[in-house]
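Peer 1: Before I ask anything, here is the structure I am working with.
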Amino acid sequence: MPVNSPHFPRLSHHGGASGVTGSCHRLQISDDRALLVDCGLFQGQDADHVDSFAQLTVDFPVADVLALVVTHVHIDHIGRLPYLLAAGYEGPILCSMPSARLLPLVIEDALKIGFTRDRALIERFLAEVEVRLVALAYREWHTLVDDARHRVRVRLQRAGHILGSCYVEVDTFDRESGEAHRTLFSGDLGAPYAPLLPAPKPPWGCDTLVLESTYGDRRHEDRRQRRARLKAAIDRALEDGGTVVIPAFSIGRTQELLYEMETLIHQAGSRRWRALEIIVDSPLAARFTAVYRELRPWWDAEAHARLRAGRHPLSFENLYTVSSHEEHERTVEYLAESHRSAVVIAASGMVSGGRVVNYLKRMLGDPRHAVLFTGYQGAGTPGRDIQRYGPRGGWVALDGERITIRARVETVSGYSAHADQHDLLNFVRRMRRPPTHIRLVHGERHAQQALRDALLAWAAEAGHAMDVTLGVELAEG
């Protein structure tokens with residue numbers, strides 16, 4: 001049945017329909033039963049169009065929500081969890097086994113930054129979250145309801161975005177009408193050949209697909225190209241005696257980059273590369289990296305082969321971790337003033353805060369240094385401004401200070417943890433029973449429109465009846 005049908009199940013969105021952050025999707029199964037998929041924070045321009053409090057408010061009913069299903073633990077997918085519980089949500093939080101290990105760390109950090117520094121209050125909240133967490137194995141059905149009215153069950157499949165990420169299949173069966181429906185929420189789908197993670201495999205099929213579209217209008221470089229570009233950017237810094245600053249999210253991107261750095265150092269023939277310092281300046285990223293090492297059973301076959309060969313992709317000789325704030329300040333000062341080449345990986349990924357801002361305030365004005373973006377930069381974020389205006393000698397505002405950009409600014413798009421247009425199309429066309437209804441979310445307007453055009457062109461060629469609606473249009477309407 002159409003997703004905008006007056007019948008059930010029905011879709012609605014409380015974030016992530018018209019932008020790339022704040023994901024929160026609701027599947028209404030009946031008047032008194034619903035399922036929530038993700039409940040994330042808005043960031044960048046997605047947060048600018050509403051006041052700071054309103055964008056945190058949970059203004060939808062929660063008493064009828066059977067469960068919250070978490071696709072992965074990035075803050076734009078789980079950051080409103082404290083506000084959801086404060087609004088009275090009392091149900092379970094379903095996620096994969098790795099996500100259950102990582103989620104409390106993310107929420108603890110989010111509470112410290114945006115909610116409270118009261119340690120006792122944080123501990124009470126984390127204890128409440130731990131009680132609610134239900135860790136599900138991949139590929140196994142989990143029944144939420146099976147009574148005289150409905151059978152509702154969910155299944156998680158690997159999404160290849162970050163460790164623990166999943167897409168969610170939801171089977172609903174209405175016993176009165178005899179109607180069955182399968183709704184699939186893609187969450188954030190990863191690109192193939194990402195370090196550490198197996199590529200997502202499309203399901204057999206579904207009726208309705210809620211599909212991300214972050215890179216629905218473009219193609220990524222392949223792994224060989226992106227690794228070569230990463231090496232070239234670092235080579236230039238080595239020649240100039242400068243530092244390469246890589247803004248990266250503490251979870252997912254940091255660990256993938258460390259994996260690639262270990263590869264480059266292992267393959268390098270030069271003494272300069274073998275002596276190159278790789279600095280992770282983020283206590284949170286260091287904690288996540290330690291947990292990633294604990295979660296080795298969920299790594300892909302290539303990573304396990306490296307371990308068997310005696311290599312340590314996330315813990316190698318050239319890797320240094322900066323912990324205290326004092327050590328951070330010393331490192332910034334030393335690298336800004338010396339001619340010692342290094343690679344610094346620091347949060348936040350969109351330069352919207354965190355320690356990376358201090359590096360950029362000191363280094364953007366010096367042409368010896370380079371800024372390398374390896375992930376999506378949301379509209380309205382400082383990262384997007386540096387990426388856009390840096391190559392033409394523009395400026396960016398950091399902590400209220402206008403910084404002229406003289407450092408090199410480069411982007412290696414192939415390291416995005418998101419699937420590109422080709423990957424998203426393959427996810428749909430490789431299903432044995434492709435969906436008849438697709439709702440495009442988690443993308444800017446141009447990305448959603450480009451992906452819709454591509455999907456409809458494929459459907460017409462394949463003779464498959466399909467309607468594609470844009471979340472951005474629904475949000476505007």
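Each chain in the structure tokens gets a letter, A, B, ..., in the order shown, and its residues are numbered from 1; ligands are numbered from 1 in order too.
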For Ala63 in chain A, work out the shell of residues within 12 Å, counting only C-alpha atoms and skipping chain neighbours fewer than 6 positions away, then give it as number ranges by chain.
Peer 2: A: 31-36, 84-85, 87-91
Peer 1: For range 263-265 of chain A, please output as a list in words all residues within 8 Å (counting only C-alpha atoms; exclusion window: fewer than 4 positions along the same chain).
Peer 2: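 Residues meeting the cut-off are Lys231, Tyr259, Trp273, Arg274 and Pro313 of chain A.
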Peer 1: Enumerate the residues of range 251-317 of chain A with a DSSP assignment of strand (DSSP E), computed from the backbone, and present them as a compact mmCIF listing (two decimals) with N, CA and C atoms, in the first residue's frame.
Peer 2:
```txt
# COMPACT_ATOMS: atom_id res chain seq x y z
N GLU A 277 54.65 10.76 12.54
CA GLU A 277 53.77 10.64 13.71
C GLU A 277 52.31 10.77 13.27
N ILE A 278 51.49 9.84 13.73
CA ILE A 278 50.04 9.90 13.54
C ILE A 278 49.45 10.18 14.91
N ILE A 279 48.85 11.34 15.05
CA ILE A 279 48.38 11.80 16.37
C ILE A 279 46.86 11.80 16.40
N VAL A 280 46.31 11.09 17.35
CA VAL A 280 44.87 11.15 17.61
C VAL A 280 44.68 12.05 18.82
N ASP A 281 44.10 13.22 18.59
CA ASP A 281 43.90 14.18 19.68
C ASP A 281 42.42 14.27 19.99
```
Peer 1: Residues near Tyr389 in chain A, anyone? I mean within 12 Å using only C-alpha atoms, not counting same-chain ones fewer than 2 positions away, as a list in words.
Peer 2: Leu364, Pro382, Gly383, Arg384, Asp385, Ile386, Gln387, Pro391, Arg392, Gly393, Gly394, Trp395, Val396, Ala397, Ile403, Thr404, Ile405, Arg406, Ala407, Arg408, Val409 and Glu410 of chain A
Peer 1: Sorted by chain and rising residue number, which residues of range 400-468 of chain A lie within 10 Å of range 176-184 of chain A, and what are their closest atom pairs and distances in Å to one decimal, counting only C-alpha atoms, as CSV?
Peer 2:
```
residue,atom,partner,partner_atom,distance
A:Pro435,CA,A:Thr183,CA,9.0
A:His437,CA,A:Thr183,CA,9.6
A:Ile438,CA,A:Leu184,CA,9.5
```
Peer 1: Just list the residues in range 144-312 of chain A DSSP gives alpha helix (DSSP H) on the backbone, as number ranges by chain.
Peer 2: A: 223-240, 253-267, 271-274, 283-294, 301-308
Peer 1: Mind running range 51-133 of chain A against range 165-174 of chain A at 9 Å and telling me each contacting residue's nearest atom pair with the distance in Å (one decimal), counting only C-alpha atoms, chain and number ascending, as a Markdown table?
Peer 2:
```
| residue | atom | partner | partner_atom | distance |
| --- | --- | --- | --- | --- |
| A:Val69 | CA | A:Val168 | CA | 8.0 |
| A:Val70 | CA | A:Cys166 | CA | 8.3 |
| A:Thr71 | CA | A:Cys166 | CA | 5.1 |
| A:His72 | CA | A:Ser165 | CA | 4.5 |
| A:Val73 | CA | A:Ser165 | CA | 7.6 |
| A:Cys95 | CA | A:Cys166 | CA | 8.2 |
| A:Ser96 | CA | A:Cys166 | CA | 7.3 |
| A:Pro98 | CA | A:Ser165 | CA | 8.3 |
| A:Ser99 | CA | A:Ser165 | CA | 7.1 |
```
Peer 1: One number please: CA of Lys201 in chain A to CA of Pro9 in chain A, in Å, one decimal.
Peer 2: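 Computed distance, CA of Lys201 in chain A to CA of Pro9 in chain A, equals 25.2 Å.
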